[in-house]
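So the structure is just underneath, and the comments pick up after that.
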Amino acid sequence: MEQVRQMVQEDDDEEQQKIWSWGAGTDGQLATGRLQDEHSPQLLRSLSAFGHIISLSCGGAHVIAISTGGRVLTWGGEVLVSWAMAKWLTVYNRRLLRLWKALLLLMFLLAGITLALFQCSDSGAIFTCGDGSFGQLGHGDFKSQCSPLEVSYFGSKHIDQVACGMRHSLVLLRDNEENQVYGFGSGKRGQLGISTDKVKSTSLPQITMGLTNLKIINISANGDHSAALSADGNLYTWGRGFGRASDACVPRRFEAAFSLNEVALGWNHALLLTREGELFMLGGDRHGVLGDSQKTSLTSDVSGKSKEGVMQIIPDLMGSKVVQIAAGAEHSALVTGKKSYNGSIMTWGWGEHGQLGLGDTNDQTAPRVVSLGDKFDEKNATSRVYCGSGFSFVLRTYDVGSEKR
């Protein structure tokens with residue numbers, strides 16, 4: 001959140017920005033002005049009218065973005081989500097959305113498959129809207145909401161992070177002594193982590209077991225998966241198992257000989273980025289099967305049982321350091337370091353809708369460089385990649401002011 005806060009304070013005149021999208025687009029989620037798939041990156045010019053985009057969050061077929069000043073934009077399909085405050089919004093009737101609190105600055109947002117969750121910086125409060133049929137909105141009922149409604153359960157407590165899966169939500173609560181994770185929504189695959197047995201659903205937040213004595217710094221959710229990263233670089237997963245691993249009703253620690261810096265979850269796989277910039281993958285046996293498999297043990301769950309999964313190192317990176325990762329339903333993306341591949345975007349996995357941005361609809365079993373058709377000075381540009389279920393976005397910011405200093 002601190003990084004986002006600093007970005008908001010930067011002088012707009014000192015930066016230039018470009019945004020590209022590609023992949024599934026029949027619901028308007030690509031913001032191109034066309035309701036069709038795009039197999040190659042499309043440079044978007046319409047979003048520049050709303051100022052710099054600070055962050056994007058991609059759902060099943062919709063996108064929510066934050067621009068400078070805390071303005072919220074949304075477009076695409078997915079009934080009861082993308083039209084957050086009124087009605088279905090597509091690229092043809094995209095509207096600038098403002099929450100009703102004056103000067104309210106939104107610092108974090110997550111777009112789930114059929115819900116949206118907003119976090120506000122001034123109070124730490126969270127608001128949800130969209131499909132609530134599994135209790136994933138956290139309001140104590142199973143009703144859907146067409147406009148953001150505050151999750152009153154947390155009261156005045158400070159919310160640090162939020163995450164949305166297909167039918168469940170996670171919240172990271174930060175206090176002076178410890179960080180606690182809460183889950184609500186569907187728990188049929190154990191993705192809430194609130195009981196040693198599977199729970200059909202819960203409409204009120206409940207504490208996730210096994211994490212209360214740990215310093216959790218990041219939470220993630222997608223599909224029926226949930227994950228948390230601790231300050232010492234350990235990964236904890238629960239919910240649907242990856243590869244041959246069974247489902248886990250409570251968090252279990254992933255045993256590895258390295259510390260992790262970032263995790264990205266797909267529907268059937270997870271990307272694991274180490275602090276040294278190496279990239280590994282769990283699962284992914286349906287699309288984008290990779291070589292160099294290594295068997296690993298998933299241990300330290302509440303029941304004490306040991307689980308086996310398959311971890312695979314990502315090939316064909318030519319020693320490049322990875323600085324950021326993203327995962328869609330069954331495709332993956334990464335950003336390399338500026339000293340290698342010139343800060344390139346690379347994709348692999350499922351390609352049916354062109355979501356790999358390689359000009360075709362083929363699947364890829366190893367990362368391939370995406371051509372954005374953009375020549376830039378890598379010393380003064382920062383790129384981030386975002387993945388929806390079957391589409392991708394890239395946000396590239398150029399610090400033109402550095403040339404003047």
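In the structure tokens, the first chain shown is A, the next is B, and so on; residue numbers restart at 1 for each chain, and ligands run from 1 in the order shown.
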Practice prompt. Identify, on the basis of only C-alpha atoms, every residue whose closest approach to Thr336 in chain A does not exceed 9 Å; exclude the query and any residue fewer than 5 positions from it along the same chain; express the result as a PyMOL selection string.
Written response: chain A and resi 277+317+320-324+341-346
Could you write those residues out with all heavy atoms, as a CSV table (one decimal), in the first residue's frame?
```csv
chain,number,residue,atom,x,y,z
A,277,GLY,N,14.9,-13.9,-7.6
A,277,GLY,CA,14.4,-13.7,-8.9
A,277,GLY,C,14.3,-14.9,-9.7
A,277,GLY,O,14.0,-14.9,-10.9
A,317,LEU,N,14.5,-19.0,-19.5
A,317,LEU,CA,14.7,-17.6,-19.0
A,317,LEU,C,16.1,-17.1,-19.2
A,317,LEU,O,16.4,-16.0,-19.0
A,317,LEU,CB,14.3,-17.5,-17.6
A,317,LEU,CG,12.8,-17.7,-17.3
A,317,LEU,CD1,12.5,-17.5,-15.8
A,317,LEU,CD2,11.9,-16.8,-18.1
A,320,SER,N,17.7,-14.9,-16.7
A,320,SER,CA,17.1,-13.6,-16.4
A,320,SER,C,16.5,-13.6,-15.1
A,320,SER,O,15.9,-14.6,-14.6
A,320,SER,CB,16.1,-13.3,-17.5
A,320,SER,OG,16.6,-13.3,-18.8
A,321,LYS,N,16.6,-12.5,-14.4
A,321,LYS,CA,16.0,-12.3,-13.1
A,321,LYS,C,14.5,-11.9,-13.4
A,321,LYS,O,14.2,-11.0,-14.2
A,321,LYS,CB,16.7,-11.2,-12.3
A,321,LYS,CG,16.1,-11.0,-10.9
A,321,LYS,CD,16.9,-10.0,-10.2
A,321,LYS,CE,16.3,-9.7,-8.8
A,321,LYS,NZ,17.1,-8.7,-8.0
A,322,VAL,N,13.6,-12.5,-12.7
A,322,VAL,CA,12.2,-12.1,-12.8
A,322,VAL,C,11.8,-11.2,-11.6
A,322,VAL,O,12.2,-11.4,-10.5
A,322,VAL,CB,11.3,-13.4,-12.7
A,322,VAL,CG1,9.8,-13.0,-12.7
A,322,VAL,CG2,11.6,-14.4,-13.8
A,323,VAL,N,11.1,-10.1,-12.0
A,323,VAL,CA,10.8,-9.1,-11.0
A,323,VAL,C,9.3,-9.0,-10.6
A,323,VAL,O,9.0,-8.5,-9.6
A,323,VAL,CB,11.3,-7.7,-11.4
A,323,VAL,CG1,12.8,-7.7,-11.6
A,323,VAL,CG2,10.6,-7.3,-12.7
A,324,GLN,N,8.5,-9.6,-11.5
A,324,GLN,CA,7.0,-9.5,-11.2
A,324,GLN,C,6.3,-10.6,-11.9
A,324,GLN,O,6.7,-11.0,-13.0
A,324,GLN,CB,6.4,-8.2,-11.5
A,324,GLN,CG,5.0,-8.0,-11.0
A,324,GLN,CD,4.0,-7.9,-12.2
A,324,GLN,OE1,4.3,-7.4,-13.2
A,324,GLN,NE2,2.8,-8.4,-11.9
A,341,TYR,N,16.9,-9.1,-20.9
A,341,TYR,CA,15.7,-9.1,-21.8
A,341,TYR,C,15.1,-7.7,-21.8
A,341,TYR,O,13.9,-7.5,-22.2
A,341,TYR,CB,14.6,-10.1,-21.3
A,341,TYR,CG,14.8,-11.5,-21.9
A,341,TYR,CD1,15.1,-12.6,-21.1
A,341,TYR,CD2,14.7,-11.7,-23.3
A,341,TYR,CE1,15.3,-13.8,-21.6
A,341,TYR,CE2,14.9,-13.0,-23.8
A,341,TYR,CZ,15.1,-14.0,-23.0
A,341,TYR,OH,15.3,-15.3,-23.5
A,342,ASN,N,15.8,-6.7,-21.3
A,342,ASN,CA,15.3,-5.3,-21.3
A,342,ASN,C,14.0,-5.1,-20.6
A,342,ASN,O,13.2,-4.3,-21.1
A,342,ASN,CB,15.3,-4.8,-22.7
A,342,ASN,CG,16.7,-4.7,-23.4
A,342,ASN,OD1,17.6,-4.4,-22.7
A,342,ASN,ND2,16.7,-5.0,-24.6
A,343,GLY,N,13.7,-5.8,-19.5
A,343,GLY,CA,12.5,-5.6,-18.8
A,343,GLY,C,11.3,-6.1,-19.6
A,343,GLY,O,10.2,-5.5,-19.7
A,344,SER,N,11.5,-7.3,-20.3
A,344,SER,CA,10.4,-7.8,-21.2
A,344,SER,C,9.3,-8.4,-20.5
A,344,SER,O,9.4,-8.9,-19.3
A,344,SER,CB,11.1,-8.8,-22.1
A,344,SER,OG,12.0,-8.2,-23.0
A,345,ILE,N,8.1,-8.5,-21.2
A,345,ILE,CA,7.0,-9.3,-20.8
A,345,ILE,C,7.0,-10.6,-21.4
A,345,ILE,O,7.2,-10.7,-22.6
A,345,ILE,CB,5.7,-8.6,-21.2
A,345,ILE,CG1,5.7,-7.1,-20.7
A,345,ILE,CG2,4.5,-9.3,-20.6
A,345,ILE,CD1,5.8,-6.9,-19.2
A,346,MET,N,6.9,-11.7,-20.6
A,346,MET,CA,6.9,-13.1,-21.2
A,346,MET,C,5.6,-13.8,-20.7
A,346,MET,O,5.2,-13.6,-19.6
A,346,MET,CB,8.1,-13.8,-20.7
A,346,MET,CG,9.4,-13.1,-21.1
A,346,MET,SD,10.9,-14.0,-20.6
A,346,MET,CE,11.0,-15.2,-21.9
```
Discussion item. According to DSSP computed on the backbone, where in range 134-343 of chain A is there strand (DSSP E)? Give the residues as a PyMOL selection string.
Written reply: chain A and resi 145-150+159-164+168-174+179-187+199-207+216-222+225-230+235-239+248-254+260-265+269-274+279-283+293-299+307-313+322-327+331-336
Item to complete: Name all residues at most 6 Å from Asn218 in chain A (count only C-alpha atoms; drop same-chain ones fewer than 2 positions away) and give them as JSON, numbers by chain.
Response: {"A": [216, 228, 229]}
Can I get the selection written as a PDB file, in the first residue's frame, with all heavy atoms?
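Done, and the output landed in out_34.pdb:
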```pdb
ATOM      1  N   ILE A 216       2.190 -12.627   8.796  1.00  0.00           N
ATOM      2  CA  ILE A 216       1.780 -12.745   7.398  1.00  0.00           C
ATOM      3  C   ILE A 216       1.863 -11.372   6.742  1.00  0.00           C
ATOM      4  O   ILE A 216       1.332 -10.391   7.263  1.00  0.00           O
ATOM      5  CB  ILE A 216       0.357 -13.314   7.277  1.00  0.00           C
ATOM      6  CG1 ILE A 216       0.286 -14.696   7.945  1.00  0.00           C
ATOM      7  CG2 ILE A 216      -0.073 -13.383   5.822  1.00  0.00           C
ATOM      8  CD1 ILE A 216       1.201 -15.730   7.331  1.00  0.00           C
ATOM      9  N   ALA A 228      -0.757 -17.638   1.564  1.00  0.00           N
ATOM     10  CA  ALA A 228      -0.237 -16.543   2.377  1.00  0.00           C
ATOM     11  C   ALA A 228       1.275 -16.639   2.428  1.00  0.00           C
ATOM     12  O   ALA A 228       1.840 -17.733   2.461  1.00  0.00           O
ATOM     13  CB  ALA A 228      -0.820 -16.597   3.787  1.00  0.00           C
ATOM     14  N   LEU A 229       1.930 -15.484   2.420  1.00  0.00           N
ATOM     15  CA  LEU A 229       3.384 -15.405   2.557  1.00  0.00           C
ATOM     16  C   LEU A 229       3.719 -14.802   3.913  1.00  0.00           C
ATOM     17  O   LEU A 229       3.128 -13.794   4.322  1.00  0.00           O
ATOM     18  CB  LEU A 229       3.985 -14.530   1.459  1.00  0.00           C
ATOM     19  CG  LEU A 229       4.391 -15.182   0.141  1.00  0.00           C
ATOM     20  CD1 LEU A 229       4.967 -14.120  -0.792  1.00  0.00           C
ATOM     21  CD2 LEU A 229       5.383 -16.298   0.352  1.00  0.00           C
TER      22      LEU A 229
END
```
Worksheet item: What is the CA of Gly76 in chain A to CA of Ala61 in chain A distance in Å?
Response: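 One can read the CA of Gly76 in chain A to CA of Ala61 in chain A distance as 5.9 Å.
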Item to complete: May I ask which of the residues A:Gly354, A:Gly165, A:Gly283, A:Gly239 is the closest one to Phe391 in chain A, counting only C-alpha atoms?
Response: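 That would be A:Gly354, the residue with the smallest distance to Phe391 in chain A.
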Worksheet item: Taking only C-alpha atoms into account, which of A:Cys129, A:Leu214, A:Ala227, A:Leu44 comes nearest Ser147 in chain A?
Response: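 For Ser147 in chain A, the nearest of the candidates is A:Cys129.
Of the listed residues (A:Met281, A:Leu356, A:Cys387, A:Leu395), A:Cys387 comes nearest to Val63 in chain A; the distances count only C-alpha atoms.
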Worksheet entry | Spatial neighbours of Ser144 in chain A, max dist 7 Å, only C-alpha atoms, sep filter under 2 positions, as a VMD selection string | chain A and resid 130 to 133 142 146
Quick one: write out the picked residues with N, CA, C and O atoms as an mmCIF file, in the first residue's frame?
```cif
data_model
loop_
_atom_site.group_PDB
_atom_site.id
_atom_site.type_symbol
_atom_site.label_atom_id
_atom_site.label_comp_id
_atom_site.auth_asym_id
_atom_site.auth_seq_id
_atom_site.Cartn_x
_atom_site.Cartn_y
_atom_site.Cartn_z
ATOM 1 N N GLY A 130 -21.317 -7.301 -5.857
ATOM 2 C CA GLY A 130 -21.340 -8.387 -6.822
ATOM 3 C C GLY A 130 -22.148 -9.572 -6.347
ATOM 4 O O GLY A 130 -23.098 -9.444 -5.564
ATOM 5 N N ASP A 131 -21.754 -10.751 -6.806
ATOM 6 C CA ASP A 131 -22.460 -11.990 -6.475
ATOM 7 C C ASP A 131 -22.192 -12.379 -5.027
ATOM 8 O O ASP A 131 -21.042 -12.535 -4.621
ATOM 9 N N GLY A 132 -23.244 -12.565 -4.255
ATOM 10 C CA GLY A 132 -23.102 -12.948 -2.856
ATOM 11 C C GLY A 132 -23.726 -14.285 -2.530
ATOM 12 O O GLY A 132 -23.960 -14.602 -1.367
ATOM 13 N N SER A 133 -23.999 -15.101 -3.553
ATOM 14 C CA SER A 133 -24.747 -16.341 -3.364
ATOM 15 C C SER A 133 -24.013 -17.382 -2.515
ATOM 16 O O SER A 133 -24.633 -18.329 -2.023
ATOM 17 N N PHE A 142 -26.630 -14.144 2.015
ATOM 18 C CA PHE A 142 -26.231 -14.702 0.727
ATOM 19 C C PHE A 142 -26.849 -13.900 -0.417
ATOM 20 O O PHE A 142 -27.164 -14.430 -1.471
ATOM 21 N N CYS A 146 -25.498 -4.618 -5.778
ATOM 22 C CA CYS A 146 -25.197 -3.903 -7.012
ATOM 23 C C CYS A 146 -24.318 -2.683 -6.793
ATOM 24 O O CYS A 146 -23.858 -2.068 -7.760
#
```
Which neighbours of range 260-270 of chain A fall inside 6 Å, counting only C-alpha atoms, when residues of the same chain fewer than 6 positions from it are skipped, and could you give them as a PDB file with C-alpha atoms, in the first residue's frame?
```pdb
ATOM      1  CA  ASN A 222      -7.845 -17.443  -7.170  1.00  0.00           C
ATOM      2  CA  GLY A 223     -10.198 -20.224  -8.176  1.00  0.00           C
ATOM      3  CA  GLY A 233       9.601 -15.979   3.019  1.00  0.00           C
ATOM      4  CA  MET A 281       5.518 -23.403 -10.697  1.00  0.00           C
ATOM      5  CA  LEU A 282       3.151 -25.751  -8.872  1.00  0.00           C
ATOM      6  CA  GLY A 283       0.492 -27.665 -10.811  1.00  0.00           C
ATOM      7  CA  GLY A 284      -0.314 -26.492 -14.330  1.00  0.00           C
ATOM      8  CA  ALA A 326       0.826 -12.756 -12.708  1.00  0.00           C
ATOM      9  CA  ALA A 327      -1.474 -15.718 -13.337  1.00  0.00           C
ATOM     10  CA  GLY A 328      -4.762 -16.063 -15.196  1.00  0.00           C
ATOM     11  CA  ALA A 329      -7.070 -19.054 -15.156  1.00  0.00           C
TER      12      ALA A 329
END
```
